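File shown: structure-v6.cif. Contents: mmCIF, N, CA, C and O atoms and all ligand atoms.
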data_start
#
loop_
_atom_site.label_atom_id
_atom_site.label_comp_id
_atom_site.auth_asym_id
_atom_site.auth_seq_id
_atom_site.Cartn_x
_atom_site.Cartn_y
_atom_site.Cartn_z
N MET W 1 0.85 -1.20 0.00
CA MET W 1 0.00 0.00 0.00
C MET W 1 0.89 1.25 0.00
O MET W 1 1.87 1.30 0.72
N GLU W 2 0.51 2.21 -0.81
CA GLU W 2 1.27 3.46 -0.86
C GLU W 2 0.55 4.52 -0.02
O GLU W 2 -0.64 4.78 -0.23
N TRP W 3 1.28 5.13 0.93
CA TRP W 3 0.68 6.14 1.80
C TRP W 3 1.00 7.54 1.26
O TRP W 3 2.17 7.85 1.00
N ILE W 4 -0.02 8.36 1.10
CA ILE W 4 0.15 9.71 0.56
C ILE W 4 -0.40 10.71 1.58
O ILE W 4 -1.54 10.57 2.05
N LYS W 5 0.42 11.71 1.90
CA LYS W 5 -0.06 12.76 2.80
C LYS W 5 -1.12 13.59 2.08
O LYS W 5 -0.88 14.08 0.97
N VAL W 6 -2.27 13.75 2.72
CA VAL W 6 -3.36 14.49 2.08
C VAL W 6 -3.76 15.75 2.83
O VAL W 6 -4.45 16.60 2.27
N ALA W 7 -3.37 15.84 4.10
CA ALA W 7 -3.81 17.00 4.87
C ALA W 7 -3.02 17.08 6.17
O ALA W 7 -2.35 16.12 6.56
N SER W 8 -3.13 18.23 6.80
CA SER W 8 -2.69 18.38 8.18
C SER W 8 -3.92 18.22 9.07
O SER W 8 -5.02 18.64 8.68
N ALA W 9 -3.72 17.64 10.22
CA ALA W 9 -4.87 17.34 11.09
C ALA W 9 -5.68 18.59 11.42
O ALA W 9 -6.91 18.53 11.51
N ASP W 10 -5.00 19.72 11.55
CA ASP W 10 -5.74 20.92 11.96
C ASP W 10 -6.54 21.56 10.82
O ASP W 10 -7.23 22.55 11.02
N GLU W 11 -6.49 20.97 9.63
CA GLU W 11 -7.31 21.50 8.53
C GLU W 11 -8.78 21.11 8.68
O GLU W 11 -9.64 21.66 7.99
N LEU W 12 -9.05 20.13 9.53
CA LEU W 12 -10.43 19.66 9.70
C LEU W 12 -10.81 19.64 11.17
O LEU W 12 -10.07 19.09 11.99
N GLY W 13 -11.96 20.19 11.47
CA GLY W 13 -12.52 20.03 12.81
C GLY W 13 -13.39 18.79 12.83
O GLY W 13 -13.66 18.18 11.79
N ASN W 14 -13.85 18.40 14.00
CA ASN W 14 -14.74 17.25 14.09
C ASN W 14 -16.03 17.51 13.32
O ASN W 14 -16.55 18.63 13.30
N ASP W 15 -16.53 16.46 12.68
CA ASP W 15 -17.75 16.52 11.86
C ASP W 15 -17.59 17.48 10.68
O ASP W 15 -18.56 18.12 10.26
N GLU W 16 -16.37 17.53 10.15
CA GLU W 16 -16.14 18.29 8.93
C GLU W 16 -15.58 17.35 7.86
O GLU W 16 -15.04 16.29 8.17
N ALA W 17 -15.71 17.78 6.61
CA ALA W 17 -15.20 17.01 5.48
C ALA W 17 -14.53 17.96 4.50
O ALA W 17 -14.89 19.14 4.43
N LYS W 18 -13.55 17.43 3.77
CA LYS W 18 -12.96 18.23 2.70
C LYS W 18 -12.52 17.29 1.58
O LYS W 18 -12.26 16.11 1.80
N THR W 19 -12.45 17.85 0.39
CA THR W 19 -11.96 17.10 -0.76
C THR W 19 -10.45 17.14 -0.76
O THR W 19 -9.85 18.20 -0.57
N VAL W 20 -9.83 15.98 -0.96
CA VAL W 20 -8.37 15.91 -1.05
C VAL W 20 -8.01 15.05 -2.26
O VAL W 20 -8.77 14.17 -2.67
N GLY W 21 -6.83 15.32 -2.79
CA GLY W 21 -6.34 14.51 -3.89
C GLY W 21 -5.31 13.52 -3.38
O GLY W 21 -4.50 13.84 -2.52
N ALA W 22 -5.37 12.29 -3.88
CA ALA W 22 -4.39 11.26 -3.50
C ALA W 22 -4.10 10.44 -4.75
O ALA W 22 -4.93 9.61 -5.15
N GLY W 23 -2.95 10.69 -5.36
CA GLY W 23 -2.66 10.00 -6.62
C GLY W 23 -3.77 10.29 -7.62
O GLY W 23 -4.17 11.45 -7.80
N PRO W 24 -4.33 9.24 -8.24
CA PRO W 24 -5.36 9.47 -9.26
C PRO W 24 -6.75 9.72 -8.66
O PRO W 24 -7.70 9.96 -9.38
N TYR W 25 -6.86 9.66 -7.34
CA TYR W 25 -8.18 9.71 -6.69
C TYR W 25 -8.50 11.10 -6.16
O TYR W 25 -7.64 11.79 -5.63
N SER W 26 -9.76 11.46 -6.27
CA SER W 26 -10.30 12.62 -5.56
C SER W 26 -11.17 12.05 -4.44
O SER W 26 -12.15 11.33 -4.70
N LEU W 27 -10.79 12.33 -3.22
CA LEU W 27 -11.41 11.68 -2.06
C LEU W 27 -12.08 12.71 -1.16
O LEU W 27 -11.75 13.89 -1.19
N ALA W 28 -12.99 12.21 -0.34
CA ALA W 28 -13.53 13.02 0.75
C ALA W 28 -12.85 12.54 2.03
O ALA W 28 -12.85 11.34 2.33
N LEU W 29 -12.26 13.47 2.74
CA LEU W 29 -11.60 13.17 4.02
C LEU W 29 -12.50 13.72 5.13
O LEU W 29 -13.00 14.86 5.03
N TYR W 30 -12.70 12.93 6.17
CA TYR W 30 -13.61 13.31 7.25
C TYR W 30 -12.89 13.21 8.59
O TYR W 30 -11.98 12.38 8.75
N ARG W 31 -13.35 14.00 9.53
CA ARG W 31 -12.87 13.87 10.92
C ARG W 31 -14.09 13.66 11.81
O ARG W 31 -15.02 14.48 11.82
N ILE W 32 -14.07 12.55 12.51
CA ILE W 32 -15.16 12.21 13.43
C ILE W 32 -14.53 11.81 14.76
O ILE W 32 -13.73 10.87 14.80
N GLU W 33 -14.91 12.48 15.83
CA GLU W 33 -14.39 12.16 17.16
C GLU W 33 -12.86 12.02 17.13
O GLU W 33 -12.29 11.08 17.67
N ASP W 34 -12.23 12.94 16.42
CA ASP W 34 -10.76 13.02 16.31
C ASP W 34 -10.13 11.84 15.57
O ASP W 34 -8.93 11.62 15.66
N GLU W 35 -10.94 11.08 14.87
CA GLU W 35 -10.40 10.06 13.97
C GLU W 35 -10.67 10.50 12.53
O GLU W 35 -11.69 11.16 12.26
N PHE W 36 -9.79 10.08 11.64
CA PHE W 36 -9.93 10.47 10.23
C PHE W 36 -10.35 9.26 9.39
O PHE W 36 -9.92 8.14 9.64
N PHE W 37 -11.17 9.55 8.37
CA PHE W 37 -11.67 8.53 7.47
C PHE W 37 -11.68 9.10 6.05
O PHE W 37 -11.75 10.32 5.88
N ALA W 38 -11.63 8.22 5.07
CA ALA W 38 -11.67 8.69 3.68
C ALA W 38 -12.57 7.77 2.84
O ALA W 38 -12.57 6.55 3.02
N THR W 39 -13.33 8.41 1.97
CA THR W 39 -14.13 7.67 0.99
C THR W 39 -13.87 8.30 -0.37
O THR W 39 -13.28 9.39 -0.47
N GLU W 40 -14.37 7.64 -1.41
CA GLU W 40 -14.34 8.30 -2.70
C GLU W 40 -15.07 9.63 -2.55
O GLU W 40 -15.98 9.77 -1.72
N GLY W 41 -14.70 10.61 -3.38
CA GLY W 41 -15.19 11.95 -3.15
C GLY W 41 -16.54 12.27 -3.76
O GLY W 41 -17.21 13.22 -3.35
N MET W 42 -16.95 11.47 -4.73
CA MET W 42 -18.19 11.75 -5.47
C MET W 42 -19.29 10.78 -5.02
O MET W 42 -19.03 9.59 -4.84
N CYS W 43 -20.47 11.30 -4.85
CA CYS W 43 -21.63 10.47 -4.52
C CYS W 43 -21.82 9.39 -5.58
O CYS W 43 -21.55 9.62 -6.77
N THR W 44 -22.29 8.22 -5.17
CA THR W 44 -22.52 7.13 -6.13
C THR W 44 -23.85 7.30 -6.87
O THR W 44 -24.15 6.52 -7.77
N HIS W 45 -24.64 8.27 -6.49
CA HIS W 45 -25.94 8.47 -7.13
C HIS W 45 -25.89 9.48 -8.26
O HIS W 45 -26.57 9.34 -9.27
N GLY W 46 -25.08 10.51 -8.11
CA GLY W 46 -25.00 11.56 -9.12
C GLY W 46 -23.71 12.32 -8.96
O GLY W 46 -22.81 11.90 -8.24
N LYS W 47 -23.65 13.46 -9.64
CA LYS W 47 -22.40 14.23 -9.62
C LYS W 47 -22.45 15.26 -8.51
O LYS W 47 -22.73 16.44 -8.74
N ALA W 48 -22.19 14.83 -7.31
CA ALA W 48 -22.17 15.73 -6.17
C ALA W 48 -20.93 15.44 -5.33
O ALA W 48 -20.61 14.27 -5.08
N LEU W 49 -20.27 16.49 -4.91
CA LEU W 49 -19.09 16.35 -4.05
C LEU W 49 -19.55 16.14 -2.61
O LEU W 49 -20.21 17.00 -2.02
N LEU W 50 -19.18 15.01 -2.06
CA LEU W 50 -19.65 14.69 -0.71
C LEU W 50 -19.09 15.66 0.33
O LEU W 50 -19.72 15.90 1.36
N SER W 51 -17.91 16.23 0.06
CA SER W 51 -17.34 17.15 1.05
C SER W 51 -18.19 18.41 1.20
O SER W 51 -18.02 19.16 2.16
N GLU W 52 -19.13 18.62 0.28
CA GLU W 52 -20.02 19.78 0.40
C GLU W 52 -21.31 19.42 1.13
O GLU W 52 -22.22 20.23 1.25
N GLY W 53 -21.39 18.16 1.58
CA GLY W 53 -22.57 17.72 2.33
C GLY W 53 -22.41 17.96 3.82
O GLY W 53 -21.57 18.75 4.25
N TRP W 54 -23.19 17.22 4.61
CA TRP W 54 -23.24 17.43 6.06
C TRP W 54 -22.84 16.15 6.77
O TRP W 54 -23.37 15.07 6.46
N VAL W 55 -21.95 16.30 7.73
CA VAL W 55 -21.52 15.16 8.54
C VAL W 55 -22.33 15.16 9.83
O VAL W 55 -22.37 16.17 10.55
N GLU W 56 -22.97 14.02 10.10
CA GLU W 56 -23.78 13.93 11.31
C GLU W 56 -23.89 12.47 11.71
O GLU W 56 -24.17 11.60 10.88
N ASP W 57 -23.67 12.19 12.99
CA ASP W 57 -23.81 10.84 13.53
C ASP W 57 -23.01 9.81 12.73
O ASP W 57 -23.48 8.70 12.48
N GLY W 58 -21.82 10.19 12.31
CA GLY W 58 -20.96 9.24 11.59
C GLY W 58 -21.35 9.02 10.14
O GLY W 58 -20.82 8.13 9.49
N CYS W 59 -22.29 9.81 9.64
CA CYS W 59 -22.73 9.68 8.26
C CYS W 59 -22.47 10.97 7.49
O CYS W 59 -22.41 12.05 8.08
N ILE W 60 -22.34 10.82 6.18
CA ILE W 60 -22.28 11.99 5.31
C ILE W 60 -23.57 12.05 4.52
O ILE W 60 -24.00 11.05 3.94
N GLU W 61 -24.20 13.22 4.53
CA GLU W 61 -25.43 13.41 3.76
C GLU W 61 -25.08 14.17 2.50
O GLU W 61 -24.49 15.26 2.55
N CYS W 62 -25.42 13.60 1.36
CA CYS W 62 -25.12 14.21 0.08
C CYS W 62 -25.86 15.54 -0.07
O CYS W 62 -27.04 15.63 0.26
N PRO W 63 -25.16 16.56 -0.58
CA PRO W 63 -25.82 17.87 -0.68
C PRO W 63 -26.87 17.94 -1.78
O PRO W 63 -27.68 18.86 -1.78
N LEU W 64 -26.90 16.97 -2.69
CA LEU W 64 -27.80 17.11 -3.84
C LEU W 64 -29.18 16.51 -3.58
O LEU W 64 -30.20 17.19 -3.76
N HIS W 65 -29.24 15.24 -3.17
CA HIS W 65 -30.55 14.60 -2.94
C HIS W 65 -30.66 14.00 -1.54
O HIS W 65 -31.53 13.18 -1.27
N GLN W 66 -29.73 14.36 -0.68
CA GLN W 66 -29.78 13.97 0.73
C GLN W 66 -29.68 12.47 0.98
O GLN W 66 -30.13 11.96 2.01
N GLY W 67 -29.08 11.73 0.04
CA GLY W 67 -28.72 10.35 0.35
C GLY W 67 -27.68 10.34 1.46
O GLY W 67 -26.92 11.30 1.61
N ARG W 68 -27.64 9.28 2.24
CA ARG W 68 -26.68 9.22 3.36
C ARG W 68 -25.81 7.96 3.27
O ARG W 68 -26.30 6.88 2.90
N PHE W 69 -24.56 8.13 3.64
CA PHE W 69 -23.61 7.01 3.67
C PHE W 69 -22.96 6.97 5.05
O PHE W 69 -22.65 8.01 5.63
N ASP W 70 -22.71 5.75 5.53
CA ASP W 70 -21.90 5.57 6.73
C ASP W 70 -20.44 5.87 6.37
O ASP W 70 -19.90 5.26 5.44
N ILE W 71 -19.83 6.81 7.05
CA ILE W 71 -18.48 7.23 6.68
C ILE W 71 -17.45 6.13 6.96
O ILE W 71 -16.51 5.95 6.21
N ARG W 72 -17.63 5.39 8.03
CA ARG W 72 -16.64 4.36 8.39
C ARG W 72 -16.65 3.19 7.42
O ARG W 72 -15.61 2.61 7.12
N THR W 73 -17.83 2.82 6.93
CA THR W 73 -17.94 1.62 6.09
C THR W 73 -18.23 1.94 4.63
O THR W 73 -18.08 1.07 3.78
N GLY W 74 -18.70 3.16 4.35
CA GLY W 74 -19.12 3.52 3.00
C GLY W 74 -20.50 3.05 2.64
O GLY W 74 -20.99 3.27 1.53
N LYS W 75 -21.18 2.39 3.57
CA LYS W 75 -22.48 1.79 3.26
C LYS W 75 -23.54 2.84 2.93
O LYS W 75 -23.68 3.82 3.63
N ALA W 76 -24.27 2.58 1.84
CA ALA W 76 -25.39 3.43 1.47
C ALA W 76 -26.53 3.18 2.46
O ALA W 76 -26.95 2.04 2.65
N MET W 77 -27.01 4.25 3.11
CA MET W 77 -27.93 4.08 4.23
C MET W 77 -29.39 4.34 3.88
O MET W 77 -30.28 3.81 4.54
N CYS W 78 -29.67 5.18 2.89
CA CYS W 78 -31.07 5.47 2.60
C CYS W 78 -31.22 5.98 1.17
O CYS W 78 -30.26 6.48 0.59
N ALA W 79 -32.43 5.85 0.65
CA ALA W 79 -32.72 6.31 -0.71
C ALA W 79 -32.42 7.79 -0.81
O ALA W 79 -32.60 8.52 0.16
N PRO W 80 -31.98 8.24 -2.00
CA PRO W 80 -31.91 7.48 -3.25
C PRO W 80 -30.59 6.74 -3.47
O PRO W 80 -30.42 6.17 -4.53
N VAL W 81 -29.68 6.74 -2.52
CA VAL W 81 -28.41 6.05 -2.79
C VAL W 81 -28.55 4.56 -2.52
O VAL W 81 -29.17 4.15 -1.54
N THR W 82 -27.99 3.76 -3.41
CA THR W 82 -28.07 2.30 -3.26
C THR W 82 -26.69 1.65 -3.39
O THR W 82 -26.52 0.51 -2.99
N VAL W 83 -25.74 2.37 -3.96
CA VAL W 83 -24.40 1.81 -4.17
C VAL W 83 -23.47 2.37 -3.10
O VAL W 83 -23.40 3.59 -2.91
N ASP W 84 -22.77 1.47 -2.40
CA ASP W 84 -21.87 1.89 -1.32
C ASP W 84 -20.71 2.71 -1.88
O ASP W 84 -20.32 2.57 -3.04
N LEU W 85 -20.13 3.53 -1.00
CA LEU W 85 -18.92 4.26 -1.34
C LEU W 85 -17.70 3.38 -1.11
O LEU W 85 -17.67 2.58 -0.17
N ARG W 86 -16.70 3.56 -1.91
CA ARG W 86 -15.41 2.93 -1.66
C ARG W 86 -14.73 3.67 -0.50
O ARG W 86 -14.76 4.91 -0.45
N THR W 87 -14.14 2.93 0.40
CA THR W 87 -13.42 3.55 1.51
C THR W 87 -11.92 3.32 1.36
O THR W 87 -11.50 2.38 0.67
N PHE W 88 -11.15 4.15 2.01
CA PHE W 88 -9.69 4.09 1.92
C PHE W 88 -9.10 4.12 3.32
O PHE W 88 -9.64 4.77 4.22
N ALA W 89 -7.97 3.43 3.49
CA ALA W 89 -7.28 3.41 4.78
C ALA W 89 -6.71 4.80 5.07
O ALA W 89 -6.26 5.49 4.16
N VAL W 90 -6.76 5.19 6.33
CA VAL W 90 -6.22 6.49 6.75
C VAL W 90 -5.37 6.27 8.00
O VAL W 90 -5.72 5.47 8.86
N LYS W 91 -4.25 6.98 8.06
CA LYS W 91 -3.47 6.97 9.29
C LYS W 91 -3.00 8.39 9.57
O LYS W 91 -2.87 9.22 8.66
N ARG W 92 -2.77 8.62 10.85
CA ARG W 92 -2.27 9.93 11.28
C ARG W 92 -0.92 9.74 11.93
O ARG W 92 -0.74 8.85 12.77
N GLU W 93 0.02 10.57 11.53
CA GLU W 93 1.34 10.58 12.17
C GLU W 93 1.62 12.01 12.59
O GLU W 93 1.86 12.88 11.74
N GLY W 94 1.52 12.28 13.88
CA GLY W 94 1.67 13.64 14.36
C GLY W 94 0.55 14.50 13.78
O GLY W 94 -0.63 14.17 13.93
N ASP W 95 0.93 15.56 13.08
CA ASP W 95 -0.07 16.45 12.48
C ASP W 95 -0.41 16.06 11.05
O ASP W 95 -1.23 16.73 10.41
N ASP W 96 0.21 15.04 10.54
CA ASP W 96 0.01 14.68 9.13
C ASP W 96 -0.99 13.52 8.98
O ASP W 96 -0.93 12.55 9.73
N VAL W 97 -1.87 13.67 8.01
CA VAL W 97 -2.88 12.65 7.73
C VAL W 97 -2.57 12.03 6.38
O VAL W 97 -2.39 12.74 5.39
N TYR W 98 -2.51 10.71 6.36
CA TYR W 98 -2.14 9.96 5.15
C TYR W 98 -3.30 9.06 4.73
O TYR W 98 -4.01 8.51 5.57
N VAL W 99 -3.44 8.90 3.43
CA VAL W 99 -4.39 7.93 2.88
C VAL W 99 -3.59 6.83 2.21
O VAL W 99 -2.59 7.10 1.52
N GLY W 100 -4.02 5.59 2.44
CA GLY W 100 -3.36 4.44 1.83
C GLY W 100 -4.03 4.06 0.53
O GLY W 100 -5.22 3.82 0.49
N LEU W 101 -3.24 4.04 -0.52
CA LEU W 101 -3.79 3.67 -1.83
C LEU W 101 -3.39 2.23 -2.16
O LEU W 101 -2.27 1.80 -1.88
N PRO W 102 -4.31 1.48 -2.74
CA PRO W 102 -3.99 0.11 -3.11
C PRO W 102 -2.94 0.09 -4.20
O PRO W 102 -2.80 1.07 -4.95
N PRO W 103 -2.17 -0.99 -4.30
CA PRO W 103 -1.18 -1.09 -5.37
C PRO W 103 -1.84 -1.03 -6.73
O PRO W 103 -2.98 -1.49 -6.88
N ALA W 104 -1.14 -0.47 -7.69
CA ALA W 104 -1.68 -0.42 -9.06
C ALA W 104 -1.87 -1.84 -9.57
O ALA W 104 -1.08 -2.72 -9.26
N PRO W 105 -2.94 -2.08 -10.34
CA PRO W 105 -3.21 -3.43 -10.84
C PRO W 105 -2.13 -3.87 -11.83
O PRO W 105 -1.47 -3.08 -12.42
S1 LIG W 201 -26.24 12.88 -6.08
FE1 LIG W 201 -25.99 12.21 -4.01
S2 LIG W 201 -27.98 11.53 -3.44
FE2 LIG W 201 -28.20 12.13 -5.52
#
Write the structure described by the file as structure tokens, please.
Amino acid sequence: MEWIKVASADELGNDEAKTVGAGPYSLALYRIEDEFFATEGMCTHGKALLSEGWVEDGCIECPLHQGRFDIRTGKAMCAPVTVDLRTFAVKREGDDVYVGLPPAP
């Protein structure tokens, strides 16, 4: 797995999200209870950036049609979303937040 620094920890408060780039991926990075998580950045239902949605109770609500995903698992939680989000490994070292990318096929 290749680890890429995507942010400094202080760029995100709890229950916030931001779009970050990691290699070929555009991801949504989240901070929940001082832990960091990452999913693919685009909603699986349409063309909406999840980082522009709302983080609540460990879920991200899409800003376009209010579909919700579990941030930790990527699971699609309610209509209209039905396809889960891809999730990515995240680690924190000091103030630096890294996302783990799978090896190229
Ligand atoms: S684009 Fe996200 S719920 Fe429709």
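Among the candidates W:Ile71, W:Asp10, W:Ala79, W:Pro63, the one nearest to Leu29 of chain W when counting only C-alpha atoms is W:Ile71.
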Give me the residues of chain W that have any atom at most 6 Å from an atom of ligand LIG 201 (chain W); for each, the nearest atom pair and the distance in Å, rounded to one decimal. Use only N, CA, C and O atoms and all ligand atoms, sort by chain and number, and format it as JSON lines.
{"residue": "W:Cys43", "atom": "CA", "partner": "W:LIG201", "partner_atom": "FE1", "distance": 4.7}
{"residue": "W:Thr44", "atom": "N", "partner": "W:LIG201", "partner_atom": "FE1", "distance": 5.6}
{"residue": "W:His45", "atom": "C", "partner": "W:LIG201", "partner_atom": "S1", "distance": 4.1}
{"residue": "W:Gly46", "atom": "N", "partner": "W:LIG201", "partner_atom": "S1", "distance": 3.3}
{"residue": "W:Lys47", "atom": "N", "partner": "W:LIG201", "partner_atom": "S1", "distance": 4.4}
{"residue": "W:Ala48", "atom": "N", "partner": "W:LIG201", "partner_atom": "S1", "distance": 4.7}
{"residue": "W:Cys62", "atom": "CA", "partner": "W:LIG201", "partner_atom": "FE1", "distance": 4.6}
{"residue": "W:Pro63", "atom": "N", "partner": "W:LIG201", "partner_atom": "FE1", "distance": 5.6}
{"residue": "W:Leu64", "atom": "C", "partner": "W:LIG201", "partner_atom": "FE2", "distance": 4.9}
{"residue": "W:His65", "atom": "N", "partner": "W:LIG201", "partner_atom": "S2", "distance": 3.9}
{"residue": "W:Gln66", "atom": "N", "partner": "W:LIG201", "partner_atom": "S2", "distance": 4.3}
{"residue": "W:Gly67", "atom": "N", "partner": "W:LIG201", "partner_atom": "S2", "distance": 3.7}
{"residue": "W:Pro80", "atom": "N", "partner": "W:LIG201", "partner_atom": "S2", "distance": 5.4}
{"residue": "W:Val81", "atom": "N", "partner": "W:LIG201", "partner_atom": "S2", "distance": 5.2}
- [ ] Rank nothing, just name the residue among W:Met1, W:Asp15, W:Arg92, W:Ser26 nearest to Trp54 of chain W, using only N, CA, C and O atoms.
- [x] W:Asp15
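Closest approach to Cys78 of chain W from the set W:Gly23, W:Glu11, W:Val55, W:Ile60 is made by W:Ile60, with distances taken over only C-alpha atoms.
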List as a PDB file with N, CA, C and O atoms, in the frame of the given file the residues having at least one atom at most 8 Å from position (-7.5, 11.3, 11.8) as given in the file, counting all atoms listed in the file.
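Writing done, so here's point14.pdb:
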ATOM      1  N   ALA W   9      -3.720  17.640  10.220  1.00  0.00           N
ATOM      2  CA  ALA W   9      -4.870  17.340  11.090  1.00  0.00           C
ATOM      3  C   ALA W   9      -5.680  18.590  11.420  1.00  0.00           C
ATOM      4  O   ALA W   9      -6.910  18.530  11.510  1.00  0.00           O
ATOM      5  N   TYR W  30     -12.700  12.930   6.170  1.00  0.00           N
ATOM      6  CA  TYR W  30     -13.610  13.310   7.250  1.00  0.00           C
ATOM      7  C   TYR W  30     -12.890  13.210   8.590  1.00  0.00           C
ATOM      8  O   TYR W  30     -11.980  12.380   8.750  1.00  0.00           O
ATOM      9  N   ARG W  31     -13.350  14.000   9.530  1.00  0.00           N
ATOM     10  CA  ARG W  31     -12.870  13.870  10.920  1.00  0.00           C
ATOM     11  C   ARG W  31     -14.090  13.660  11.810  1.00  0.00           C
ATOM     12  O   ARG W  31     -15.020  14.480  11.820  1.00  0.00           O
ATOM     13  N   ILE W  32     -14.070  12.550  12.510  1.00  0.00           N
ATOM     14  CA  ILE W  32     -15.160  12.210  13.430  1.00  0.00           C
ATOM     15  C   ILE W  32     -14.530  11.810  14.760  1.00  0.00           C
ATOM     16  O   ILE W  32     -13.730  10.870  14.800  1.00  0.00           O
ATOM     17  N   GLU W  33     -14.910  12.480  15.830  1.00  0.00           N
ATOM     18  CA  GLU W  33     -14.390  12.160  17.160  1.00  0.00           C
ATOM     19  C   GLU W  33     -12.860  12.020  17.130  1.00  0.00           C
ATOM     20  O   GLU W  33     -12.290  11.080  17.670  1.00  0.00           O
ATOM     21  N   ASP W  34     -12.230  12.940  16.420  1.00  0.00           N
ATOM     22  CA  ASP W  34     -10.760  13.020  16.310  1.00  0.00           C
ATOM     23  C   ASP W  34     -10.130  11.840  15.570  1.00  0.00           C
ATOM     24  O   ASP W  34      -8.930  11.620  15.660  1.00  0.00           O
ATOM     25  N   GLU W  35     -10.940  11.080  14.870  1.00  0.00           N
ATOM     26  CA  GLU W  35     -10.400  10.060  13.970  1.00  0.00           C
ATOM     27  C   GLU W  35     -10.670  10.500  12.530  1.00  0.00           C
ATOM     28  O   GLU W  35     -11.690  11.160  12.260  1.00  0.00           O
ATOM     29  N   PHE W  36      -9.790  10.080  11.640  1.00  0.00           N
ATOM     30  CA  PHE W  36      -9.930  10.470  10.230  1.00  0.00           C
ATOM     31  C   PHE W  36     -10.350   9.260   9.390  1.00  0.00           C
ATOM     32  O   PHE W  36      -9.920   8.140   9.640  1.00  0.00           O
ATOM     33  N   PHE W  37     -11.170   9.550   8.370  1.00  0.00           N
ATOM     34  CA  PHE W  37     -11.670   8.530   7.470  1.00  0.00           C
ATOM     35  C   PHE W  37     -11.680   9.100   6.050  1.00  0.00           C
ATOM     36  O   PHE W  37     -11.750  10.320   5.880  1.00  0.00           O
ATOM     37  N   VAL W  90      -6.760   5.190   6.330  1.00  0.00           N
ATOM     38  CA  VAL W  90      -6.220   6.490   6.750  1.00  0.00           C
ATOM     39  C   VAL W  90      -5.370   6.270   8.000  1.00  0.00           C
ATOM     40  O   VAL W  90      -5.720   5.470   8.860  1.00  0.00           O
ATOM     41  N   LYS W  91      -4.250   6.980   8.060  1.00  0.00           N
ATOM     42  CA  LYS W  91      -3.470   6.970   9.290  1.00  0.00           C
ATOM     43  C   LYS W  91      -3.000   8.390   9.570  1.00  0.00           C
ATOM     44  O   LYS W  91      -2.870   9.220   8.660  1.00  0.00           O
ATOM     45  N   ARG W  92      -2.770   8.620  10.850  1.00  0.00           N
ATOM     46  CA  ARG W  92      -2.270   9.930  11.280  1.00  0.00           C
ATOM     47  C   ARG W  92      -0.920   9.740  11.930  1.00  0.00           C
ATOM     48  O   ARG W  92      -0.740   8.850  12.770  1.00  0.00           O
ATOM     49  N   GLU W  93       0.020  10.570  11.530  1.00  0.00           N
ATOM     50  CA  GLU W  93       1.340  10.580  12.170  1.00  0.00           C
ATOM     51  C   GLU W  93       1.620  12.010  12.590  1.00  0.00           C
ATOM     52  O   GLU W  93       1.860  12.880  11.740  1.00  0.00           O
ATOM     53  N   GLY W  94       1.520  12.280  13.880  1.00  0.00           N
ATOM     54  CA  GLY W  94       1.670  13.640  14.360  1.00  0.00           C
ATOM     55  C   GLY W  94       0.550  14.500  13.780  1.00  0.00           C
ATOM     56  O   GLY W  94      -0.630  14.170  13.930  1.00  0.00           O
ATOM     57  N   ASP W  96       0.210  15.040  10.540  1.00  0.00           N
ATOM     58  CA  ASP W  96       0.010  14.680   9.130  1.00  0.00           C
ATOM     59  C   ASP W  96      -0.990  13.520   8.980  1.00  0.00           C
ATOM     60  O   ASP W  96      -0.930  12.550   9.730  1.00  0.00           O
ATOM     61  N   VAL W  97      -1.870  13.670   8.010  1.00  0.00           N
ATOM     62  CA  VAL W  97      -2.880  12.650   7.730  1.00  0.00           C
ATOM     63  C   VAL W  97      -2.570  12.030   6.380  1.00  0.00           C
ATOM     64  O   VAL W  97      -2.390  12.740   5.390  1.00  0.00           O
ATOM     65  N   TYR W  98      -2.510  10.710   6.360  1.00  0.00           N
ATOM     66  CA  TYR W  98      -2.140   9.960   5.150  1.00  0.00           C
ATOM     67  C   TYR W  98      -3.300   9.060   4.730  1.00  0.00           C
ATOM     68  O   TYR W  98      -4.010   8.510   5.570  1.00  0.00           O
TER      69      TYR W  98
END
TODO: From chain W, collect each residue whose DSSP state is strand (DSSP E) and return the set as a VMD selection string.
DONE: chain W and resid 2 to 8 16 to 22 25 to 32 35 to 40 54 to 56 59 to 61 68 to 70 76 to 78 87 to 93 96 to 101
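Considering only N, CA, C and O atoms, the residue among W:Thr19, W:Arg68, W:Thr73, W:Asp84 positioned nearest to Glu52 of chain W is W:Thr19.
As for atom O of Ser8 of chain W and atom CA of Ser51 of chain W, they are spaced 14.6 Å apart.
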TODO: Could you check how far atom CA of Gly58 of chain W sits from atom N of Ala104 of chain W, in Å to one decimal?
DONE: 29.3 Å
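Taking atom CA of Ala28 of chain W and atom CA of Asp70 of chain W as endpoints, the distance between them is 12.7 Å.
Candidate residues W:Leu85, W:Ala22, W:Cys59, W:Leu50 were compared for distance to Lys5 of chain W, and the nearest is W:Ala22, using all atoms listed in the file.
Proximity to Leu101 of chain W at 7 Å, evaluated using only N, CA, C and O atoms and with sequence-adjacent residues fewer than 5 positions away removed, yields Met1, Glu2, Trp3, Ile4, Ala22, Phe88 and Ala89 of chain W.
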Task: Which of segment 4-77 of chain W DSSP labels helix (DSSP H, G or I), written as a PyMOL selection string - done: chain W and resi 9-11+50-52
Centre and edge lengths, as AutoDock Vina command-line options, for the axis-aligned box enclosing every listed atom of segment 35-41 of chain W with 6 Å of padding on each of the six sides, in Å to one decimal?
--center_x -13.5 --center_y 9.9 --center_z 5.6 --size_x 19.4 --size_y 18.7 --size_z 30.6
